[in-house]
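Asks: What follows is a structure written as structure tokens; I'll ask about it next.
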Amino acid sequence: MKTVNPVCWFDIKVANLERAKKFYETVFAVTLTNLPIEWGKQATFPFENDGANATGALVEKENYVANDNNTVVYFASVDCTTEEMRIENTGGKILKSKTPIGEFGFISIFLDSEGNTIGLHSRK
């Protein structure tokens, strides 16, 4: 059995790409890149080709309706509280503040500007 993490991509569906892009760029202090419009309205998170990191995109969907039955994507963090401090000022809502998960570190759970449930994970 391989021990390599199989996660390589994620899509986060959004109602408004520009609003969601601003939210994620502000919270995580990164720049997202728009994909060619013929693929639909999408913006990717930073990544390295053939790198060990997983990446994905915000994907605008017509008639998108947020719900609580979605996949939770966890973003790595040095300390969950760093991003927590930026969430509510940019249109998100913290659902669970930094919480210990034993030897695995800490998590936080929040709603993004589009109503998606997203997680943070840190070791400290």
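Chains: A, B, ... in order of the structure tokens. Residues: from 1 per chain. Ligands: from 1, in order shown.
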Can you build me a table of stretch 25-91 of chain A residues sitting at most 8 Å from stretch 105-124 of chain A, with the closest atom pair per residue and its distance in Å to one decimal, using only C-alpha atoms, sorted by chain and residue number, as JSON lines?

Replies:
{"residue": "A:Ala66", "atom": "CA", "partner": "A:Gly115", "partner_atom": "CA", "distance": 5.3}
{"residue": "A:Asn67", "atom": "CA", "partner": "A:Gly115", "partner_atom": "CA", "distance": 7.1}
{"residue": "A:Asp68", "atom": "CA", "partner": "A:Thr117", "partner_atom": "CA", "distance": 7.1}
{"residue": "A:Asn70", "atom": "CA", "partner": "A:Thr117", "partner_atom": "CA", "distance": 7.2}
{"residue": "A:Thr71", "atom": "CA", "partner": "A:Thr117", "partner_atom": "CA", "distance": 7.5}
{"residue": "A:Val72", "atom": "CA", "partner": "A:Ile118", "partner_atom": "CA", "distance": 5.2}
{"residue": "A:Val73", "atom": "CA", "partner": "A:Ile118", "partner_atom": "CA", "distance": 5.4}
{"residue": "A:Tyr74", "atom": "CA", "partner": "A:Gly119", "partner_atom": "CA", "distance": 4.3}
{"residue": "A:Phe75", "atom": "CA", "partner": "A:Leu120", "partner_atom": "CA", "distance": 4.8}
{"residue": "A:Ala76", "atom": "CA", "partner": "A:His121", "partner_atom": "CA", "distance": 5.0}
{"residue": "A:Ser77", "atom": "CA", "partner": "A:Ser122", "partner_atom": "CA", "distance": 4.9}
{"residue": "A:Val78", "atom": "CA", "partner": "A:Ser122", "partner_atom": "CA", "distance": 5.4}
{"residue": "A:Asp79", "atom": "CA", "partner": "A:Ser122", "partner_atom": "CA", "distance": 5.3}
{"residue": "A:Cys80", "atom": "CA", "partner": "A:Ser122", "partner_atom": "CA", "distance": 5.9}
{"residue": "A:Glu84", "atom": "CA", "partner": "A:Ser108", "partner_atom": "CA", "distance": 7.9}
{"residue": "A:Ile87", "atom": "CA", "partner": "A:Asp112", "partner_atom": "CA", "distance": 7.6}
{"residue": "A:Thr90", "atom": "CA", "partner": "A:Ser113", "partner_atom": "CA", "distance": 7.3}
{"residue": "A:Gly91", "atom": "CA", "partner": "A:Ser113", "partner_atom": "CA", "distance": 4.9}

Asks: Next, dump the selected residues to file, keeping only N, CA, C and O atoms, as a tab-separated table (two decimals), in the first residue's frame.

Replies:
chain	number	residue	atom	x	y	z
A	66	ALA	N	-25.98	27.14	-1.96
A	66	ALA	CA	-25.15	26.59	-0.88
A	66	ALA	C	-26.00	25.66	-0.02
A	66	ALA	O	-27.19	25.89	0.18
A	67	ASN	N	-25.37	24.60	0.50
A	67	ASN	CA	-26.05	23.70	1.42
A	67	ASN	C	-25.02	23.12	2.37
A	67	ASN	O	-23.82	23.28	2.19
A	68	ASP	N	-25.51	22.44	3.39
A	68	ASP	CA	-24.59	21.90	4.39
A	68	ASP	C	-24.20	20.46	4.08
A	68	ASP	O	-23.59	19.79	4.90
A	70	ASN	N	-21.95	19.15	1.83
A	70	ASN	CA	-20.87	19.24	0.85
A	70	ASN	C	-19.58	18.69	1.43
A	70	ASN	O	-19.52	18.36	2.60
A	71	THR	N	-18.59	18.56	0.60
A	71	THR	CA	-17.30	18.04	1.03
A	71	THR	C	-16.53	19.13	1.75
A	71	THR	O	-16.48	20.27	1.31
A	72	VAL	N	-15.89	18.79	2.85
A	72	VAL	CA	-15.05	19.74	3.57
A	72	VAL	C	-13.61	19.57	3.10
A	72	VAL	O	-13.04	18.49	3.22
A	73	VAL	N	-13.07	20.61	2.56
A	73	VAL	CA	-11.68	20.64	2.14
A	73	VAL	C	-10.90	21.30	3.27
A	73	VAL	O	-11.30	22.35	3.77
A	74	TYR	N	-9.78	20.69	3.68
A	74	TYR	CA	-8.96	21.27	4.73
A	74	TYR	C	-7.72	21.92	4.13
A	74	TYR	O	-7.02	21.30	3.35
A	75	PHE	N	-7.47	23.16	4.52
A	75	PHE	CA	-6.29	23.89	4.09
A	75	PHE	C	-5.24	23.84	5.20
A	75	PHE	O	-5.56	24.06	6.37
A	76	ALA	N	-4.00	23.56	4.83
A	76	ALA	CA	-2.91	23.55	5.80
A	76	ALA	C	-2.64	24.96	6.28
A	76	ALA	O	-2.72	25.93	5.52
A	77	SER	N	-2.29	25.08	7.55
A	77	SER	CA	-2.02	26.37	8.17
A	77	SER	C	-0.90	26.19	9.18
A	77	SER	O	-0.76	25.13	9.77
A	78	VAL	N	-0.13	27.24	9.40
A	78	VAL	CA	0.88	27.20	10.47
A	78	VAL	C	0.16	27.27	11.81
A	78	VAL	O	0.49	26.55	12.75
A	79	ASP	N	-0.85	28.13	11.91
A	79	ASP	CA	-1.66	28.27	13.12
A	79	ASP	C	-3.05	28.72	12.69
A	79	ASP	O	-3.19	29.81	12.12
A	80	CYS	N	-4.05	27.92	12.93
A	80	CYS	CA	-5.42	28.20	12.47
A	80	CYS	C	-5.91	29.60	12.81
A	80	CYS	O	-6.68	30.19	12.06
A	84	GLU	N	-8.28	32.50	10.87
A	84	GLU	CA	-9.54	32.79	11.57
A	84	GLU	C	-9.75	34.29	11.73
A	84	GLU	O	-10.87	34.77	11.60
A	87	ILE	N	-11.44	35.78	8.51
A	87	ILE	CA	-12.62	35.16	7.92
A	87	ILE	C	-13.86	36.04	7.99
A	87	ILE	O	-14.51	36.31	6.97
A	90	THR	N	-14.26	39.24	5.84
A	90	THR	CA	-14.34	39.09	4.39
A	90	THR	C	-15.57	38.31	3.96
A	90	THR	O	-15.61	37.78	2.85
A	91	GLY	N	-16.56	38.23	4.82
A	91	GLY	CA	-17.83	37.62	4.43
A	91	GLY	C	-18.03	36.18	4.83
A	91	GLY	O	-19.02	35.56	4.44

Asks: Need the shell around A:Lys61: protein/DNA/RNA residues with any atom at most 7 Å away, counting only C-alpha atoms. Skip same-chain ones fewer than 5 positions apart. Format as number ranges by chain?

Replies: A: 13-15

Asks: Store the residues of this selection in a file with N, CA and C atoms, as a short mmCIF file (atom, residue, chain, number, x, y, z; two decimals), in the first residue's frame.

Replies:
data_model
loop_
_atom_site.label_atom_id
_atom_site.label_comp_id
_atom_site.auth_asym_id
_atom_site.auth_seq_id
_atom_site.Cartn_x
_atom_site.Cartn_y
_atom_site.Cartn_z
N LYS A 13 -17.45 24.88 -5.32
CA LYS A 13 -18.47 25.53 -6.13
C LYS A 13 -18.89 26.84 -5.47
N VAL A 14 -19.06 27.87 -6.30
CA VAL A 14 -19.40 29.20 -5.80
C VAL A 14 -20.47 29.83 -6.68
N ALA A 15 -21.20 30.79 -6.11
CA ALA A 15 -22.21 31.53 -6.87
C ALA A 15 -21.59 32.73 -7.57
#

Asks: Any chance you could list, as JSON, numbers by chain, the residues in chain A that come up alpha helix (DSSP H) when DSSP is run on the backbone?

Replies: {"A": [17, 18, 19, 20, 21, 22, 23, 24, 25, 26, 27, 28, 80, 81, 82, 83, 84, 85, 86, 87]}

Asks: Those same residues - N, CA, C and O atoms - I'd like them written as a CSV table (one decimal), in the first residue's frame.

Replies:
chain,number,residue,atom,x,y,z
A,17,LEU,N,-17.8,34.1,-8.6
A,17,LEU,CA,-16.4,33.9,-8.6
A,17,LEU,C,-15.5,35.0,-8.1
A,17,LEU,O,-14.6,34.8,-7.3
A,18,GLU,N,-15.8,36.2,-8.5
A,18,GLU,CA,-15.0,37.4,-8.0
A,18,GLU,C,-15.1,37.6,-6.5
A,18,GLU,O,-14.1,37.8,-5.9
A,19,ARG,N,-16.3,37.4,-6.0
A,19,ARG,CA,-16.4,37.6,-4.5
A,19,ARG,C,-15.7,36.5,-3.8
A,19,ARG,O,-15.0,36.7,-2.8
A,20,ALA,N,-15.8,35.2,-4.3
A,20,ALA,CA,-15.2,34.1,-3.6
A,20,ALA,C,-13.7,34.2,-3.8
A,20,ALA,O,-12.9,33.9,-2.8
A,21,LYS,N,-13.2,34.7,-4.9
A,21,LYS,CA,-11.8,34.8,-5.2
A,21,LYS,C,-11.2,35.8,-4.2
A,21,LYS,O,-10.1,35.6,-3.5
A,22,LYS,N,-11.9,37.0,-4.0
A,22,LYS,CA,-11.4,38.0,-3.0
A,22,LYS,C,-11.4,37.4,-1.6
A,22,LYS,O,-10.4,37.6,-0.9
A,23,PHE,N,-12.4,36.6,-1.3
A,23,PHE,CA,-12.4,36.0,0.1
A,23,PHE,C,-11.2,35.1,0.3
A,23,PHE,O,-10.5,35.3,1.3
A,24,TYR,N,-10.9,34.2,-0.6
A,24,TYR,CA,-9.8,33.2,-0.4
A,24,TYR,C,-8.5,33.9,-0.6
A,24,TYR,O,-7.5,33.6,0.2
A,25,GLU,N,-8.3,34.9,-1.4
A,25,GLU,CA,-7.1,35.6,-1.6
A,25,GLU,C,-6.8,36.4,-0.3
A,25,GLU,O,-5.6,36.4,0.2
A,26,THR,N,-7.8,37.0,0.3
A,26,THR,CA,-7.6,37.7,1.6
A,26,THR,C,-7.3,36.8,2.8
A,26,THR,O,-6.4,37.0,3.5
A,27,VAL,N,-8.1,35.8,2.9
A,27,VAL,CA,-8.0,34.9,4.1
A,27,VAL,C,-6.6,34.2,4.1
A,27,VAL,O,-6.0,34.1,5.1
A,28,PHE,N,-6.2,33.7,2.9
A,28,PHE,CA,-5.0,32.9,2.8
A,28,PHE,C,-3.8,33.6,2.3
A,28,PHE,O,-2.7,33.0,2.2
A,80,CYS,N,-4.0,27.9,12.9
A,80,CYS,CA,-5.4,28.2,12.5
A,80,CYS,C,-5.9,29.6,12.8
A,80,CYS,O,-6.7,30.2,12.1
A,81,THR,N,-5.5,30.1,13.9
A,81,THR,CA,-5.9,31.5,14.3
A,81,THR,C,-5.5,32.6,13.4
A,81,THR,O,-6.2,33.6,13.3
A,82,THR,N,-4.5,32.4,12.6
A,82,THR,CA,-4.0,33.4,11.6
A,82,THR,C,-5.1,33.6,10.6
A,82,THR,O,-5.5,34.8,10.4
A,83,GLU,N,-5.6,32.6,10.0
A,83,GLU,CA,-6.7,32.7,9.0
A,83,GLU,C,-8.0,33.0,9.7
A,83,GLU,O,-8.8,33.8,9.1
A,84,GLU,N,-8.3,32.5,10.9
A,84,GLU,CA,-9.5,32.8,11.6
A,84,GLU,C,-9.8,34.3,11.7
A,84,GLU,O,-10.9,34.8,11.6
A,85,MET,N,-8.7,35.0,12.0
A,85,MET,CA,-8.8,36.5,12.2
A,85,MET,C,-9.3,37.2,10.9
A,85,MET,O,-9.7,38.3,11.0
A,86,ARG,N,-9.1,36.6,9.8
A,86,ARG,CA,-9.5,37.3,8.5
A,86,ARG,C,-10.9,36.8,8.0
A,86,ARG,O,-11.4,37.4,7.1
A,87,ILE,N,-11.4,35.8,8.5
A,87,ILE,CA,-12.6,35.2,7.9
A,87,ILE,C,-13.9,36.0,8.0
A,87,ILE,O,-14.5,36.3,7.0

Asks: Can you tell me how far atom CA of A:Val59 sits from atom CA of A:Glu88, in Å to one decimal?

Replies: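 We find that atom CA of A:Val59 and atom CA of A:Glu88 lie 21.7 Å from each other.
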
Asks: Name the residues in contact with A:Phe45 at a cut-off of 12 Å, using only C-alpha atoms, excluding same-chain residues fewer than 6 positions from it; report them as a PyMOL selection string.

Replies: chain A and resi 9-12+20-21+24-25+28-35+53-59+75

Asks: In Å, how far is it from atom CA of A:Gln42 to atom CA of A:Glu62?

Replies: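 Taking atom CA of A:Gln42 and atom CA of A:Glu62, their separation equals 12.3 Å.
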
Asks: Could you check which of A:Glu103, A:Lys41, A:Asp50, A:Ile94 is closest to A:Asn16, using only C-alpha atoms?

Replies: A:Lys41

Asks: Taking the DSSP assignment computed from this structure's backbone, write out as a compact mmCIF listing (two decimals) with N, CA, C and O atoms, in the first residue's frame all residues of stretch 56-121 of chain A that belong to strand (DSSP E).

Replies:
# COMPACT_ATOMS: atom_id res chain seq x y z
N GLY A 56 -6.58 23.06 -6.31
CA GLY A 56 -7.93 22.99 -6.84
C GLY A 56 -8.38 24.35 -7.32
O GLY A 56 -7.57 25.27 -7.48
N ALA A 57 -9.68 24.47 -7.53
CA ALA A 57 -10.21 25.70 -8.11
C ALA A 57 -11.55 26.08 -7.49
O ALA A 57 -12.30 25.23 -7.03
N LEU A 58 -11.82 27.37 -7.54
CA LEU A 58 -13.16 27.88 -7.30
C LEU A 58 -13.87 27.75 -8.64
O LEU A 58 -13.30 28.11 -9.68
N VAL A 59 -15.08 27.22 -8.65
CA VAL A 59 -15.81 26.99 -9.89
C VAL A 59 -17.19 27.64 -9.77
O VAL A 59 -18.00 27.21 -8.95
N GLU A 60 -17.43 28.68 -10.58
CA GLU A 60 -18.73 29.35 -10.53
C GLU A 60 -19.76 28.49 -11.25
O GLU A 60 -19.54 28.02 -12.36
N VAL A 73 -13.07 20.61 2.56
CA VAL A 73 -11.68 20.64 2.14
C VAL A 73 -10.90 21.30 3.27
O VAL A 73 -11.30 22.35 3.77
N TYR A 74 -9.78 20.69 3.68
CA TYR A 74 -8.96 21.27 4.73
C TYR A 74 -7.72 21.92 4.13
O TYR A 74 -7.02 21.30 3.35
N PHE A 75 -7.47 23.16 4.52
CA PHE A 75 -6.29 23.89 4.09
C PHE A 75 -5.24 23.84 5.20
O PHE A 75 -5.56 24.06 6.37
N ALA A 76 -4.00 23.56 4.83
CA ALA A 76 -2.91 23.55 5.80
C ALA A 76 -2.64 24.96 6.28
O ALA A 76 -2.72 25.93 5.52
N LYS A 93 -17.92 32.99 8.03
CA LYS A 93 -18.41 32.79 9.40
C LYS A 93 -17.69 31.60 10.01
O LYS A 93 -17.66 30.51 9.42
N ILE A 94 -17.12 31.79 11.19
CA ILE A 94 -16.45 30.70 11.89
C ILE A 94 -17.51 29.80 12.53
O ILE A 94 -18.36 30.28 13.28
N LEU A 95 -17.45 28.51 12.22
CA LEU A 95 -18.38 27.54 12.81
C LEU A 95 -17.76 26.86 14.02
O LEU A 95 -18.47 26.57 14.99
N LYS A 96 -16.46 26.58 13.97
CA LYS A 96 -15.75 25.95 15.08
C LYS A 96 -14.37 26.58 15.15
O LYS A 96 -13.56 26.42 14.24
N SER A 97 -14.11 27.33 16.22
CA SER A 97 -12.79 27.94 16.40
C SER A 97 -11.75 26.86 16.63
O SER A 97 -12.09 25.70 16.90
N LYS A 98 -10.50 27.24 16.56
CA LYS A 98 -9.38 26.32 16.72
C LYS A 98 -9.65 25.33 17.85
O LYS A 98 -9.87 25.69 18.99
N THR A 99 -9.62 24.04 17.47
CA THR A 99 -9.97 22.95 18.38
C THR A 99 -8.89 21.88 18.29
O THR A 99 -8.50 21.48 17.19
N PRO A 100 -8.39 21.39 19.44
CA PRO A 100 -7.38 20.32 19.39
C PRO A 100 -7.96 19.01 18.88
O PRO A 100 -9.10 18.67 19.19
N PHE A 106 -4.57 20.67 15.30
CA PHE A 106 -5.76 21.48 15.54
C PHE A 106 -6.53 21.67 14.23
O PHE A 106 -5.95 21.63 13.15
N ILE A 107 -7.83 21.90 14.37
CA ILE A 107 -8.65 22.25 13.22
C ILE A 107 -9.54 23.44 13.56
O ILE A 107 -9.81 23.71 14.72
N SER A 108 -9.98 24.12 12.54
CA SER A 108 -11.02 25.13 12.60
C SER A 108 -11.95 24.84 11.43
O SER A 108 -11.51 24.35 10.39
N ILE A 109 -13.22 25.17 11.60
CA ILE A 109 -14.21 24.98 10.53
C ILE A 109 -14.92 26.32 10.33
O ILE A 109 -15.30 26.99 11.30
N PHE A 110 -15.11 26.69 9.06
CA PHE A 110 -15.80 27.95 8.78
C PHE A 110 -16.62 27.85 7.50
O PHE A 110 -16.46 26.92 6.72
N LEU A 111 -17.52 28.81 7.32
CA LEU A 111 -18.24 28.98 6.07
C LEU A 111 -17.52 30.05 5.28
O LEU A 111 -17.17 31.10 5.83
N THR A 117 -18.65 24.85 3.54
CA THR A 117 -17.96 24.49 4.76
C THR A 117 -16.52 24.14 4.42
O THR A 117 -16.28 23.26 3.60
N ILE A 118 -15.57 24.85 5.04
CA ILE A 118 -14.15 24.68 4.77
C ILE A 118 -13.42 24.48 6.10
O ILE A 118 -13.82 25.03 7.12
N GLY A 119 -12.34 23.70 6.08
CA GLY A 119 -11.56 23.46 7.29
C GLY A 119 -10.15 24.00 7.19
O GLY A 119 -9.60 24.19 6.10
N LEU A 120 -9.56 24.25 8.35
CA LEU A 120 -8.16 24.59 8.50
C LEU A 120 -7.50 23.51 9.34
O LEU A 120 -8.15 22.98 10.26
N HIS A 121 -6.24 23.19 9.09
CA HIS A 121 -5.51 22.23 9.90
C HIS A 121 -4.13 22.79 10.20
O HIS A 121 -3.45 23.28 9.29
